[in-house]
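Asker: I am sharing final.csv, which consists of CSV, N, CA and C atoms:
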chain,number,residue,atom,x,y,z
A,140,MET,N,-3.7,-47.0,-112.5
A,140,MET,CA,-2.5,-47.3,-111.8
A,140,MET,C,-1.4,-46.2,-112.1
A,141,GLU,N,-1.5,-45.6,-113.3
A,141,GLU,CA,-0.5,-44.6,-113.6
A,141,GLU,C,-0.5,-43.4,-112.7
A,142,LYS,N,-1.6,-43.2,-112.0
A,142,LYS,CA,-1.7,-42.0,-111.1
A,142,LYS,C,-1.1,-42.4,-109.7
A,143,LEU,N,-0.8,-43.7,-109.5
A,143,LEU,CA,-0.3,-44.1,-108.2
A,143,LEU,C,1.2,-44.0,-108.2
A,144,SER,N,1.8,-43.8,-107.1
A,144,SER,CA,3.3,-43.8,-107.0
A,144,SER,C,3.7,-45.3,-107.3
A,145,GLU,N,5.0,-45.4,-107.6
A,145,GLU,CA,5.5,-46.8,-107.8
A,145,GLU,C,5.3,-47.7,-106.6
A,146,ARG,N,5.5,-47.2,-105.5
A,146,ARG,CA,5.3,-48.0,-104.2
A,146,ARG,C,3.9,-48.4,-104.1
A,147,ASP,N,2.9,-47.5,-104.3
A,147,ASP,CA,1.5,-47.8,-104.1
A,147,ASP,C,1.0,-48.7,-105.2
A,148,ALA,N,1.6,-48.7,-106.4
A,148,ALA,CA,1.2,-49.6,-107.5
A,148,ALA,C,1.9,-50.9,-107.4
A,149,CYS,N,3.0,-51.0,-106.7
A,149,CYS,CA,3.8,-52.2,-106.6
A,149,CYS,C,3.0,-53.3,-105.8
A,150,ARG,N,2.6,-52.9,-104.6
A,150,ARG,CA,2.0,-53.9,-103.7
A,150,ARG,C,0.8,-54.6,-104.4
A,151,PRO,N,-0.3,-53.9,-104.9
A,151,PRO,CA,-1.4,-54.7,-105.5
A,151,PRO,C,-1.0,-55.5,-106.7
A,152,THR,N,0.0,-55.0,-107.4
A,152,THR,CA,0.5,-55.7,-108.6
A,152,THR,C,1.1,-57.1,-108.1
A,153,VAL,N,2.0,-57.0,-107.1
A,153,VAL,CA,2.6,-58.2,-106.6
A,153,VAL,C,1.6,-59.2,-106.0
A,154,GLU,N,0.6,-58.6,-105.3
A,154,GLU,CA,-0.4,-59.4,-104.7
A,154,GLU,C,-1.3,-60.1,-105.8
A,155,MET,N,-1.5,-59.4,-106.9
A,155,MET,CA,-2.3,-60.0,-108.0
A,155,MET,C,-1.5,-61.1,-108.6
A,156,LEU,N,-0.2,-60.9,-108.8
A,156,LEU,CA,0.7,-62.0,-109.4
A,156,LEU,C,0.6,-63.2,-108.4
A,157,SER,N,0.7,-63.0,-107.2
A,157,SER,CA,0.7,-64.0,-106.2
A,157,SER,C,-0.7,-64.8,-106.3
A,158,LEU,N,-1.8,-64.0,-106.3
A,158,LEU,CA,-3.1,-64.6,-106.5
A,158,LEU,C,-3.2,-65.5,-107.7
A,159,ALA,N,-2.7,-65.0,-108.8
A,159,ALA,CA,-2.7,-65.7,-110.1
A,159,ALA,C,-2.0,-67.0,-110.0
A,160,HIS,N,-0.8,-67.0,-109.3
A,160,HIS,CA,0.0,-68.2,-109.2
A,160,HIS,C,-0.6,-69.2,-108.2
A,161,GLU,N,-1.0,-68.7,-107.0
A,161,GLU,CA,-1.6,-69.6,-106.0
A,161,GLU,C,-2.9,-70.3,-106.5
A,162,ARG,N,-3.7,-69.6,-107.2
A,162,ARG,CA,-5.0,-70.1,-107.6
A,162,ARG,C,-4.9,-70.7,-109.0
A,163,ASN,N,-3.8,-70.6,-109.7
A,163,ASN,CA,-3.6,-71.2,-111.0
A,163,ASN,C,-4.6,-70.6,-112.0
A,164,VAL,N,-4.7,-69.2,-112.0
A,164,VAL,CA,-5.6,-68.5,-112.8
A,164,VAL,C,-5.0,-67.4,-113.6
A,165,GLU,N,-3.7,-67.6,-114.0
A,165,GLU,CA,-2.9,-66.6,-114.6
A,165,GLU,C,-3.7,-66.0,-115.8
A,166,ALA,N,-4.2,-66.8,-116.7
A,166,ALA,CA,-4.8,-66.3,-117.9
A,166,ALA,C,-6.1,-65.6,-117.6
A,167,GLU,N,-6.9,-66.2,-116.7
A,167,GLU,CA,-8.2,-65.6,-116.4
A,167,GLU,C,-8.1,-64.3,-115.7
A,168,LEU,N,-7.1,-64.2,-114.8
A,168,LEU,CA,-6.8,-63.0,-114.1
A,168,LEU,C,-6.4,-61.9,-115.0
A,169,ALA,N,-5.5,-62.3,-116.0
A,169,ALA,CA,-5.0,-61.3,-117.0
A,169,ALA,C,-6.2,-60.8,-117.8
A,170,GLU,N,-7.1,-61.6,-118.1
A,170,GLU,CA,-8.3,-61.2,-118.9
A,170,GLU,C,-9.2,-60.2,-118.0
A,171,ALA,N,-9.3,-60.5,-116.8
A,171,ALA,CA,-10.1,-59.7,-115.9
A,171,ALA,C,-9.5,-58.3,-115.7
A,172,ILE,N,-8.2,-58.3,-115.5
A,172,ILE,CA,-7.4,-57.1,-115.4
A,172,ILE,C,-7.5,-56.2,-116.6
A,173,GLN,N,-7.3,-56.9,-117.8
A,173,GLN,CA,-7.4,-56.2,-119.1
A,173,GLN,C,-8.8,-55.6,-119.3
A,174,GLY,N,-9.8,-56.4,-118.9
A,174,GLY,CA,-11.2,-55.9,-119.0
A,174,GLY,C,-11.4,-54.6,-118.2
A,175,ASP,N,-10.9,-54.6,-117.0
A,175,ASP,CA,-11.0,-53.4,-116.1
A,175,ASP,C,-10.3,-52.3,-116.8
A,176,LEU,N,-9.1,-52.5,-117.3
A,176,LEU,CA,-8.3,-51.4,-117.9
A,176,LEU,C,-9.0,-50.9,-119.1
A,177,ASP,N,-9.5,-51.8,-119.9
A,177,ASP,CA,-10.3,-51.4,-121.2
A,177,ASP,C,-11.5,-50.5,-120.8
A,178,ALA,N,-12.1,-50.8,-119.6
A,178,ALA,CA,-13.3,-50.0,-119.2
A,178,ALA,C,-12.8,-48.8,-118.4
A,179,GLN,N,-11.5,-48.6,-118.3
A,179,GLN,CA,-10.9,-47.5,-117.6
A,179,GLN,C,-11.3,-47.5,-116.1
A,180,LYS,N,-11.3,-48.8,-115.6
A,180,LYS,CA,-11.5,-49.0,-114.2
A,180,LYS,C,-10.2,-49.5,-113.6
A,181,MET,N,-10.0,-49.2,-112.3
A,181,MET,CA,-8.9,-49.6,-111.6
A,181,MET,C,-9.1,-51.1,-111.2
A,182,PRO,N,-8.2,-52.0,-111.6
A,182,PRO,CA,-8.3,-53.4,-111.1
A,182,PRO,C,-8.2,-53.4,-109.6
A,183,LEU,N,-9.2,-53.8,-108.9
A,183,LEU,CA,-9.1,-53.9,-107.5
A,183,LEU,C,-8.8,-55.3,-106.9
A,184,LEU,N,-7.8,-55.3,-106.1
A,184,LEU,CA,-7.4,-56.6,-105.5
A,184,LEU,C,-8.5,-57.3,-104.8
A,185,ALA,N,-9.3,-56.6,-104.0
A,185,ALA,CA,-10.4,-57.2,-103.2
A,185,ALA,C,-11.4,-57.9,-104.2
A,186,ARG,N,-11.7,-57.2,-105.3
A,186,ARG,CA,-12.7,-57.8,-106.3
A,186,ARG,C,-12.1,-59.0,-106.9
A,187,MET,N,-10.8,-59.0,-107.2
A,187,MET,CA,-10.1,-60.1,-107.9
A,187,MET,C,-10.1,-61.3,-106.9
A,188,ARG,N,-9.8,-61.0,-105.6
A,188,ARG,CA,-9.8,-62.1,-104.7
A,188,ARG,C,-11.1,-62.8,-104.6
A,189,THR,N,-12.2,-62.0,-104.6
A,189,THR,CA,-13.5,-62.5,-104.5
A,189,THR,C,-13.9,-63.3,-105.8
A,190,GLN,N,-13.5,-62.7,-106.9
A,190,GLN,CA,-13.8,-63.4,-108.2
A,190,GLN,C,-13.1,-64.7,-108.4
A,191,PHE,N,-11.9,-64.8,-107.9
A,191,PHE,CA,-11.1,-66.0,-108.1
A,191,PHE,C,-10.9,-66.8,-106.8
A,192,ALA,N,-11.8,-66.6,-105.8
A,192,ALA,CA,-11.8,-67.3,-104.6
A,192,ALA,C,-12.1,-68.8,-104.9
A,193,PRO,N,-11.5,-69.7,-104.1
A,193,PRO,CA,-11.8,-71.1,-104.3
A,193,PRO,C,-13.3,-71.4,-103.9
A,194,ASN,N,-13.9,-72.3,-104.6
A,194,ASN,CA,-15.3,-72.7,-104.3
A,194,ASN,C,-15.2,-73.7,-103.1
A,195,PRO,N,-15.8,-73.3,-102.0
A,195,PRO,CA,-15.8,-74.1,-100.8
A,195,PRO,C,-16.4,-75.5,-101.1
A,196,ALA,N,-17.3,-75.6,-102.0
A,196,ALA,CA,-17.9,-76.9,-102.3
A,196,ALA,C,-16.9,-77.9,-103.0
A,197,CYS,N,-15.8,-77.3,-103.6
A,197,CYS,CA,-14.8,-78.1,-104.3
A,197,CYS,C,-13.6,-78.5,-103.5
A,198,VAL,N,-13.6,-77.9,-102.3
A,198,VAL,CA,-12.4,-78.2,-101.4
A,198,VAL,C,-12.7,-79.6,-100.7
A,199,PRO,N,-11.8,-80.5,-100.9
A,199,PRO,CA,-12.0,-81.9,-100.3
A,199,PRO,C,-11.9,-81.9,-98.8
A,200,GLU,N,-12.6,-82.7,-98.2
A,200,GLU,CA,-12.5,-82.9,-96.7
A,200,GLU,C,-11.4,-84.0,-96.5
A,201,VAL,N,-10.4,-83.6,-95.7
A,201,VAL,CA,-9.3,-84.6,-95.5
A,201,VAL,C,-9.3,-84.9,-94.0
A,202,ASN,N,-9.3,-86.2,-93.7
A,202,ASN,CA,-9.3,-86.6,-92.3
A,202,ASN,C,-7.9,-87.2,-92.1
A,203,VAL,N,-7.2,-86.7,-91.1
A,203,VAL,CA,-5.8,-87.2,-90.8
A,203,VAL,C,-5.9,-87.9,-89.4
A,204,HIS,N,-5.5,-89.2,-89.5
A,204,HIS,CA,-5.4,-89.9,-88.2
A,204,HIS,C,-4.0,-90.0,-87.8
A,205,LEU,N,-3.7,-89.4,-86.6
A,205,LEU,CA,-2.4,-89.3,-86.1
A,205,LEU,C,-2.1,-90.5,-85.3
A,206,GLY,N,-0.8,-91.0,-85.5
A,206,GLY,CA,-0.4,-92.2,-84.8
A,206,GLY,C,0.1,-91.8,-83.4
A,207,LYS,N,0.5,-92.8,-82.7
A,207,LYS,CA,1.1,-92.5,-81.4
A,207,LYS,C,2.5,-92.0,-81.5
A,208,LEU,N,2.9,-91.1,-80.6
A,208,LEU,CA,4.2,-90.5,-80.7
A,208,LEU,C,5.3,-91.6,-80.6
A,209,GLY,N,5.1,-92.6,-79.9
A,209,GLY,CA,6.1,-93.7,-79.8
A,209,GLY,C,6.3,-94.4,-81.1
A,210,ASP,N,5.3,-94.4,-82.0
A,210,ASP,CA,5.5,-95.0,-83.3
A,210,ASP,C,6.6,-94.3,-84.1
A,211,CYS,N,6.8,-93.0,-83.9
A,211,CYS,CA,7.8,-92.3,-84.6
A,211,CYS,C,9.2,-92.7,-84.1
A,212,ASP,N,9.3,-93.0,-82.8
A,212,ASP,CA,10.6,-93.4,-82.3
A,212,ASP,C,10.9,-94.8,-82.9
A,213,HIS,N,10.0,-95.7,-83.0
A,213,HIS,CA,10.2,-97.0,-83.5
A,213,HIS,C,10.6,-96.9,-85.0
A,214,LEU,N,9.9,-96.1,-85.7
A,214,LEU,CA,10.2,-95.9,-87.2
A,214,LEU,C,11.5,-95.3,-87.4
A,215,SER,N,11.9,-94.3,-86.6
A,215,SER,CA,13.2,-93.7,-86.8
A,215,SER,C,14.3,-94.6,-86.4
A,216,LEU,N,14.1,-95.5,-85.5
A,216,LEU,CA,15.2,-96.5,-85.2
A,216,LEU,C,15.3,-97.5,-86.3
A,217,LYS,N,14.2,-97.9,-86.9
A,217,LYS,CA,14.2,-98.8,-88.1
A,217,LYS,C,14.8,-98.3,-89.3
A,218,THR,N,14.6,-97.0,-89.6
A,218,THR,CA,15.1,-96.4,-90.8
A,218,THR,C,16.4,-95.6,-90.6
A,219,ALA,N,16.7,-95.4,-89.4
A,219,ALA,CA,18.0,-94.6,-89.0
A,219,ALA,C,18.0,-93.3,-89.7
A,220,ILE,N,16.9,-92.6,-89.8
A,220,ILE,CA,16.9,-91.3,-90.4
A,220,ILE,C,17.0,-90.2,-89.4
A,221,TRP,N,16.8,-90.5,-88.1
A,221,TRP,CA,16.9,-89.4,-87.1
A,221,TRP,C,18.1,-89.8,-86.2
A,222,ARG,N,18.9,-88.8,-85.9
A,222,ARG,CA,20.0,-89.0,-85.0
A,222,ARG,C,20.0,-88.0,-84.0
A,223,ASN,N,20.3,-88.3,-82.8
A,223,ASN,CA,20.5,-87.3,-81.7
A,223,ASN,C,21.8,-86.7,-81.9
A,224,LEU,N,21.9,-85.5,-82.5
A,224,LEU,CA,23.2,-84.9,-82.8
A,224,LEU,C,23.9,-84.5,-81.5
A,225,TRP,N,23.2,-84.3,-80.4
A,225,TRP,CA,23.9,-83.9,-79.2
A,225,TRP,C,24.7,-85.1,-78.6
A,226,ILE,N,24.2,-86.3,-78.8
A,226,ILE,CA,24.8,-87.5,-78.3
A,226,ILE,C,25.6,-88.3,-79.3
A,227,ASP,N,25.1,-88.4,-80.5
A,227,ASP,CA,25.7,-89.2,-81.6
A,227,ASP,C,26.7,-88.4,-82.5
A,228,ASN,N,27.0,-87.2,-82.1
A,228,ASN,CA,27.7,-86.3,-83.1
A,228,ASN,C,29.1,-86.9,-83.4
A,229,VAL,N,29.9,-87.4,-82.5
A,229,VAL,CA,31.2,-88.0,-82.8
A,229,VAL,C,31.1,-89.2,-83.7
A,230,ALA,N,30.2,-90.1,-83.3
A,230,ALA,CA,30.0,-91.3,-84.2
A,230,ALA,C,29.6,-90.9,-85.6
A,231,LEU,N,28.7,-90.0,-85.6
A,231,LEU,CA,28.2,-89.6,-86.9
A,231,LEU,C,29.3,-88.9,-87.8
A,232,ALA,N,30.1,-88.1,-87.1
A,232,ALA,CA,31.2,-87.4,-87.8
A,232,ALA,C,32.2,-88.5,-88.3
A,233,LYS,N,32.5,-89.5,-87.5
A,233,LYS,CA,33.5,-90.5,-87.9
A,233,LYS,C,32.9,-91.3,-89.1
A,234,HIS,N,31.6,-91.6,-89.0
A,234,HIS,CA,31.0,-92.4,-90.1
A,234,HIS,C,31.0,-91.5,-91.4
A,235,ALA,N,30.7,-90.2,-91.3
A,235,ALA,CA,30.7,-89.3,-92.5
A,235,ALA,C,32.1,-89.2,-93.1
A,236,LEU,N,33.2,-89.1,-92.2
A,236,LEU,CA,34.5,-89.0,-92.7
A,236,LEU,C,34.9,-90.3,-93.4
A,237,GLU,N,34.6,-91.5,-92.9
A,237,GLU,CA,34.9,-92.7,-93.5
A,237,GLU,C,34.2,-92.8,-94.9
A,238,PHE,N,33.0,-92.4,-94.9
A,238,PHE,CA,32.2,-92.4,-96.2
A,238,PHE,C,32.9,-91.5,-97.2
A,239,ILE,N,33.3,-90.3,-96.8
A,239,ILE,CA,33.9,-89.4,-97.7
A,239,ILE,C,35.3,-89.9,-98.2
A,240,GLU,N,36.1,-90.5,-97.3
A,240,GLU,CA,37.4,-91.0,-97.7
A,240,GLU,C,37.2,-92.2,-98.6
A,241,LEU,N,36.2,-93.0,-98.4
A,241,LEU,CA,36.0,-94.2,-99.3
A,241,LEU,C,35.6,-93.7,-100.7
A,242,GLY,N,34.7,-92.6,-100.7
A,242,GLY,CA,34.3,-92.0,-102.0
A,242,GLY,C,35.5,-91.4,-102.7
A,243,MET,N,36.4,-90.8,-102.0
A,243,MET,CA,37.6,-90.2,-102.6
A,243,MET,C,38.5,-91.3,-103.2
A,244,LYS,N,38.7,-92.3,-102.4
A,244,LYS,CA,39.6,-93.5,-102.8
A,244,LYS,C,39.0,-94.1,-104.1
A,245,THR,N,37.7,-94.3,-104.1
A,245,THR,CA,37.0,-94.9,-105.2
A,245,THR,C,37.2,-94.0,-106.5
A,246,ALA,N,37.0,-92.7,-106.3
A,246,ALA,CA,37.1,-91.8,-107.4
A,246,ALA,C,38.5,-91.8,-108.0
A,247,LYS,N,39.5,-91.9,-107.1
A,247,LYS,CA,40.9,-91.9,-107.6
A,247,LYS,C,41.2,-93.2,-108.4
A,248,LEU,N,40.7,-94.3,-107.9
A,248,LEU,CA,40.9,-95.6,-108.6
A,248,LEU,C,40.2,-95.6,-109.9
A,249,LYS,N,39.1,-95.0,-110.0
A,249,LYS,CA,38.4,-94.9,-111.3
A,249,LYS,C,39.1,-93.9,-112.3
A,250,ALA,N,39.7,-92.9,-111.7
A,250,ALA,CA,40.4,-91.9,-112.5
A,250,ALA,C,41.7,-92.4,-113.1
A,251,GLN,N,42.4,-93.3,-112.4
A,251,GLN,CA,43.7,-93.8,-112.8
A,251,GLN,C,43.7,-94.3,-114.3
A,252,PRO,N,42.8,-95.3,-114.6
A,252,PRO,CA,42.8,-95.8,-116.0
A,252,PRO,C,42.5,-94.6,-117.0
A,253,VAL,N,41.7,-93.7,-116.6
A,253,VAL,CA,41.4,-92.6,-117.6
A,253,VAL,C,42.6,-91.7,-117.8
A,254,SER,N,43.3,-91.4,-116.7
A,254,SER,CA,44.5,-90.5,-116.8
A,254,SER,C,45.6,-91.2,-117.5
A,255,GLN,N,45.8,-92.5,-117.3
A,255,GLN,CA,46.8,-93.3,-118.0
A,255,GLN,C,46.5,-93.4,-119.5
A,256,ALA,N,45.3,-93.5,-119.8
A,256,ALA,CA,44.9,-93.6,-121.2
A,256,ALA,C,45.2,-92.3,-122.0
A,257,HIS,N,45.3,-91.2,-121.3
A,257,HIS,CA,45.5,-89.9,-121.9
A,257,HIS,C,47.0,-89.5,-121.9
A,258,LEU,N,47.9,-90.3,-121.3
A,258,LEU,CA,49.3,-90.1,-121.3
A,258,LEU,C,49.9,-90.3,-122.7
A,259,PRO,N,50.8,-89.4,-123.1
A,259,PRO,CA,51.4,-89.6,-124.5
A,259,PRO,C,52.3,-90.8,-124.5
A,260,ALA,N,52.3,-91.5,-125.6
A,260,ALA,CA,53.2,-92.7,-125.7
A,260,ALA,C,54.6,-92.3,-125.9
A,261,ASN,N,55.5,-93.0,-125.2
A,261,ASN,CA,57.0,-92.7,-125.3
A,261,ASN,C,57.6,-93.3,-126.5
Since I need it in another form, could you write the structure as structure tokens?

Answerer:
Amino acid sequence: MEKLSERDACRPTVEMLSLAHERNVEAELAEAIQGDLDAQKMPLLARMRTQFAPNPACVPEVNVHLGKLGDCDHLSLKTAIWRNLWIDNVALAKHALEFIELGMKTAKLKAQPVSQAHLPAN
């Protein structure tokens, strides 16, 4: 790698770091790279990808059963997590403002006894 320009050395280095992280093989990849360097061989990304490729036999099969689209509407109405911001924006903004004002009022009430406790005695 010393013979490569910084730019040409950077890409495979970053890709190997990514490979190590994605496959959770940081220590093993470091040993493989060090072995190549000790043998005065260039660590090749393609070889490392092959060596640390996931075993297809170990990949679980996952079956996903999709519900009906209407179920999402029913769920969102029950949980109130989705809002139509094009239609509900004014109501949502009013509710948010009330929530913030209540929080500020509560914080001020909680702070009063604390600030009074720190006032110097006359």

Asker: Please report the interatomic distance between atom C of Gln190 (chain A) and atom N of Glu154 (chain A) in Å with one decimal.

Answerer: 15.3 Å

Asker: With only N, CA and C atoms as the basis for distance, which of A:Arg162, A:Asn228, A:Leu143, A:Thr245 is at the shortest distance from Pro193 (chain A)?

Answerer: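 Of all the options, A:Arg162 lies closest to Pro193 (chain A).
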
Asker: Mind listing the alpha helix (DSSP H) residues of region 168-254 of chain A, per DSSP on the backbone, as a PyMOL selection string?

Answerer: chain A and resi 168-177+184-190+208-218+228-254

Asker: State, in Å with one decimal place, the distance from atom N of Leu158 (chain A) to CA of Asn194 (chain A).

Answerer: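 Taking atom N of Leu158 (chain A) and CA of Asn194 (chain A), their separation equals 16.2 Å.
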
Asker: What gap, in Å, lies between atom C of Ala169 (chain A) and atom C of Leu184 (chain A)?

Answerer: 13.7 Å

Asker: Ranking A:Ala235, A:Asp212, A:Met155, A:Pro199 by minimum distance to Leu168 (chain A) and counting all atoms listed in the file, which one comes first?

Answerer: A:Met155

Asker: Using only C-alpha atoms, which residue out of A:Leu231, A:Cys211, A:Leu236, A:Met181 lies closest to Ala148 (chain A)?

Answerer: A:Met181
